[in-house]
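Chemist: One structure is given below, represented as structure tokens, and several questions about it will come after.
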Amino acid sequence: MTQMATPPAQHTMVPPAAALPDVLPTDRLNERGKPRPPLRNELRHISNARNAVAVVSTLLQSFGVVIAAAWINTWWSYLLAFVLMVRGHVCLNILAHEAAHRLLFTKRWLNDGVGRWFLAYPTYQAMLAYRRAHFAHHRDEMGPDEPDLGLYAGYPIARDSWHRKLRRDATGNSASKNFRSLYQALRRGQIEAKEIILVQAVMLGASILFLRPLAYVVWILSWSTLWKVSNRLRSIAEHGGMVRSKDRRLTTHVIRQSRLARYWMVPYNTGWHLAHHVDMGVPWYNLPRLHQELVDSGWVTESIEYPSYRAFWRAASSG
């Protein structure tokens, strides 16, 4: 694959060439930024115990929140769960993403079993289908097979257009398209669609059995509205307005990580997204270390880092 020419600056959000020092390879990183052995082996180590704790924590922050709201069974408990489930759905999706990369557990059956049935399917994600599409995304970001090109292209955009997109997410319009796609996949007899419906039926059935159907309503409404907004904000912050290139600094943004952002929108270190695209075989807990290696090498500089997500979104909606 050859490096693509950079489009005119007003149609992209790519950093200027002067901000991209040519300092690789080094004794620790190759010419694409990937760590060399033995650093590579160290950073790619999968900790089953650490990921097991992460999975249990995520289940408590998602299912546990809704169950607690149902147990209290007041209007304010359901409202609080509706808000808190934003983080719950984010955590479920991010760990499902880890499982899609086969980074959750060293045993393939355990990795895929937990990833599909406990993390992906409760949030309406067909993990095996997602894995195929997502690997195309990693092979050639912004290339002809990029599954999310329509999501990332065209930034920066006009402020009113940006607000329209967020309103569609917040009002459930975007989610309705996902549900229609799931219905169509079900009609075609796709196995994963049936498995997702099975999991959702169990969840709905349990809420009815325990006389708390509002618990399932909170689950689906939070995913359909607040989480869709959060997901767009995060996705655009990862690749919005970037271009096809072998240099990952032209395909993926760098944004300074705050505690608030890491709690609500980018837990499990997913905000260190450039490091993830440099080496997608590095588990979530080692991404900050890889990012620091990229900084220490001089390949990632302050000039390409946005100081906050708010600063990035302002830039992305200034077209």
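Residue numbering restarts at 1 for every chain of the structure tokens, chains are lettered A, B, ... in their displayed order, and ligands are numbered from 1 as they appear.
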What lies within 9 Å of range 234-245 of chain A using only C-alpha atoms, ignoring chain neighbours under 4 positions off, as a PyMOL selection string?

Modeler: chain A and resi 1-7+11-15+140-143+151-156+229-230+249-255+265-266+271+273-274+309+312-313+316

Chemist: Given the selection you just returned, output its residues as a file containing N, CA and C atoms, formatted as a compact mmCIF listing (two decimals), in the first residue's frame.

Modeler:
# COMPACT_ATOMS: atom_id res chain seq x y z
N MET A 1 0.84 -1.18 0.00
CA MET A 1 0.00 0.00 0.00
C MET A 1 0.88 1.24 0.00
N THR A 2 0.61 2.15 -0.88
CA THR A 2 1.38 3.38 -0.95
C THR A 2 0.70 4.47 -0.15
N GLN A 3 1.50 5.40 0.33
CA GLN A 3 0.94 6.48 1.11
C GLN A 3 0.13 7.39 0.21
N MET A 4 -1.04 7.79 0.67
CA MET A 4 -1.93 8.62 -0.11
C MET A 4 -1.58 10.08 0.09
N ALA A 5 -1.85 10.86 -0.94
CA ALA A 5 -1.62 12.29 -0.84
C ALA A 5 -2.61 12.90 0.15
N THR A 6 -2.17 13.89 0.89
CA THR A 6 -3.03 14.56 1.86
C THR A 6 -3.95 15.53 1.17
N PRO A 7 -5.28 15.45 1.38
CA PRO A 7 -6.21 16.39 0.80
C PRO A 7 -5.96 17.79 1.34
N HIS A 11 -10.29 20.39 4.43
CA HIS A 11 -11.18 19.25 4.39
C HIS A 11 -10.72 18.12 5.30
N THR A 12 -9.69 18.32 6.05
CA THR A 12 -9.16 17.27 6.91
C THR A 12 -8.79 17.86 8.26
N MET A 13 -8.40 16.98 9.15
CA MET A 13 -7.90 17.41 10.44
C MET A 13 -6.51 16.82 10.67
N VAL A 14 -5.80 16.54 9.60
CA VAL A 14 -4.48 15.93 9.71
C VAL A 14 -3.46 16.97 10.17
N PRO A 15 -2.51 16.55 10.97
CA PRO A 15 -1.46 17.49 11.39
C PRO A 15 -0.54 17.83 10.23
N ASP A 140 -6.28 -1.04 6.87
CA ASP A 140 -6.13 0.09 5.96
C ASP A 140 -7.11 1.19 6.36
N GLU A 141 -6.76 1.94 7.41
CA GLU A 141 -7.64 3.01 7.86
C GLU A 141 -7.89 4.01 6.74
N MET A 142 -9.14 4.34 6.53
CA MET A 142 -9.60 5.29 5.50
C MET A 142 -9.42 4.75 4.08
N GLY A 143 -9.06 3.47 3.96
CA GLY A 143 -8.91 2.87 2.64
C GLY A 143 -10.26 2.46 2.06
N LEU A 151 -18.53 7.60 8.57
CA LEU A 151 -18.57 8.20 9.89
C LEU A 151 -17.44 9.20 10.08
N TYR A 152 -16.26 8.89 9.53
CA TYR A 152 -15.08 9.70 9.80
C TYR A 152 -14.85 10.82 8.78
N ALA A 153 -15.37 10.68 7.59
CA ALA A 153 -15.03 11.60 6.50
C ALA A 153 -15.72 12.95 6.66
N GLY A 154 -15.09 13.96 6.07
CA GLY A 154 -15.72 15.27 5.95
C GLY A 154 -15.47 16.24 7.08
N TYR A 155 -14.73 15.84 8.09
CA TYR A 155 -14.44 16.74 9.21
C TYR A 155 -13.23 17.60 8.89
N PRO A 156 -13.28 18.87 9.38
CA PRO A 156 -14.31 19.49 10.23
C PRO A 156 -15.59 19.79 9.47
N VAL A 229 -24.73 8.94 21.62
CA VAL A 229 -24.03 10.22 21.62
C VAL A 229 -22.57 10.02 22.02
N SER A 230 -22.36 9.31 23.12
CA SER A 230 -21.00 9.06 23.61
C SER A 230 -20.17 8.33 22.56
N ARG A 249 0.02 8.50 12.44
CA ARG A 249 -0.23 9.84 12.93
C ARG A 249 -1.15 10.62 12.01
N LEU A 250 -1.33 10.14 10.77
CA LEU A 250 -2.25 10.76 9.81
C LEU A 250 -3.60 10.07 9.78
N THR A 251 -3.74 8.96 10.47
CA THR A 251 -5.01 8.23 10.50
C THR A 251 -5.73 8.33 11.84
N THR A 252 -4.99 8.66 12.90
CA THR A 252 -5.54 8.56 14.25
C THR A 252 -5.11 9.77 15.09
N HIS A 253 -6.06 10.38 15.78
CA HIS A 253 -5.78 11.55 16.60
C HIS A 253 -5.11 11.18 17.91
N VAL A 254 -4.46 12.18 18.50
CA VAL A 254 -3.88 12.07 19.84
C VAL A 254 -4.56 13.11 20.71
N ILE A 255 -5.19 12.68 21.80
CA ILE A 255 -5.92 13.59 22.69
C ILE A 255 -5.49 13.33 24.12
N MET A 265 -16.24 8.16 29.05
CA MET A 265 -16.25 7.90 27.62
C MET A 265 -15.14 6.98 27.14
N VAL A 266 -13.97 7.02 27.74
CA VAL A 266 -12.85 6.23 27.25
C VAL A 266 -12.17 5.45 28.38
N GLY A 271 -8.64 5.65 25.16
CA GLY A 271 -8.28 6.97 24.66
C GLY A 271 -6.86 7.06 24.11
N HIS A 273 -5.53 5.90 21.64
CA HIS A 273 -5.96 5.17 20.45
C HIS A 273 -4.86 5.07 19.39
N LEU A 274 -4.00 6.06 19.33
CA LEU A 274 -2.89 5.96 18.37
C LEU A 274 -2.02 4.76 18.71
N TYR A 309 -10.74 16.66 25.00
CA TYR A 309 -11.76 16.25 24.04
C TYR A 309 -12.62 17.44 23.63
N PHE A 312 -10.91 19.23 20.93
CA PHE A 312 -11.02 18.51 19.66
C PHE A 312 -12.39 18.72 19.03
N TRP A 313 -13.47 18.57 19.82
CA TRP A 313 -14.82 18.69 19.26
C TRP A 313 -15.08 20.09 18.74
N ALA A 316 -13.46 20.06 15.44
CA ALA A 316 -14.17 19.19 14.50
C ALA A 316 -15.47 19.81 13.99

Chemist: With distances taken over only C-alpha atoms, which residue among A:Arg139, A:Arg212, A:Lys228, A:Arg132 lies nearest Ser174 in chain A?

Modeler: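 Of the candidates, the smallest distance to Ser174 in chain A is held by A:Lys228.
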
Chemist: DSSP on the backbone: which residues in range 81-153 of chain A end up as helix (DSSP H, G or I)? Give the answer as a PyMOL selection string.

Modeler: chain A and resi 81-100+108-123+127-139+149-152

Chemist: Using only C-alpha atoms for the distances, tell me which of A:Ser303, A:Ser317, A:Asn269, A:Asn286 is nearest to Leu39 in chain A.

Modeler: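 Residue with the minimum atom-to-atom distance to Leu39 in chain A: A:Asn286.
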
Chemist: Quick one: residues within 10 Å of range 52-55 of chain A, only C-alpha atoms, excluding same-chain residues fewer than 2 positions away - as a VMD selection string?

Modeler: chain A and resid 47 to 50 57 to 61 91 to 92 95 to 96 104 to 105 114 to 115 118 to 119 268

Chemist: Env of range 77-89 of chain A: 9 Å cut, atoms = only C-alpha atoms, seq-sep filter 6 positions within chain, self excluded. Answer as a PyMOL selection string.

Modeler: chain A and resi 58-63+65-66+68-71+119+122-123+214-215+218-219+221-223+226-228+230+263-267

Chemist: List every residue of range 226-318 of chain A that DSSP, applied to the backbone, labels as strand (DSSP E), and write the result as a list in words.

Modeler: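 Strand (DSSP E) assignments inside range 226-318 of chain A correspond to Val254, Ile255, Glu305 and Tyr306 of chain A.
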
Chemist: Take the residues from that selection and write them out as an mmCIF file, in the first residue's frame, keeping N, CA and C atoms.

Modeler:
data_model
loop_
_atom_site.group_PDB
_atom_site.id
_atom_site.type_symbol
_atom_site.label_atom_id
_atom_site.label_comp_id
_atom_site.auth_asym_id
_atom_site.auth_seq_id
_atom_site.Cartn_x
_atom_site.Cartn_y
_atom_site.Cartn_z
ATOM 1 N N VAL A 254 -4.456 12.183 18.498
ATOM 2 C CA VAL A 254 -3.882 12.065 19.842
ATOM 3 C C VAL A 254 -4.557 13.114 20.711
ATOM 4 N N ILE A 255 -5.190 12.677 21.803
ATOM 5 C CA ILE A 255 -5.916 13.591 22.687
ATOM 6 C C ILE A 255 -5.489 13.334 24.121
ATOM 7 N N GLU A 305 -1.032 16.816 19.649
ATOM 8 C CA GLU A 305 -1.933 16.402 20.719
ATOM 9 C C GLU A 305 -2.948 17.489 21.024
ATOM 10 N N TYR A 306 -4.228 17.142 21.004
ATOM 11 C CA TYR A 306 -5.267 18.071 21.454
ATOM 12 C C TYR A 306 -5.267 18.097 22.978
#
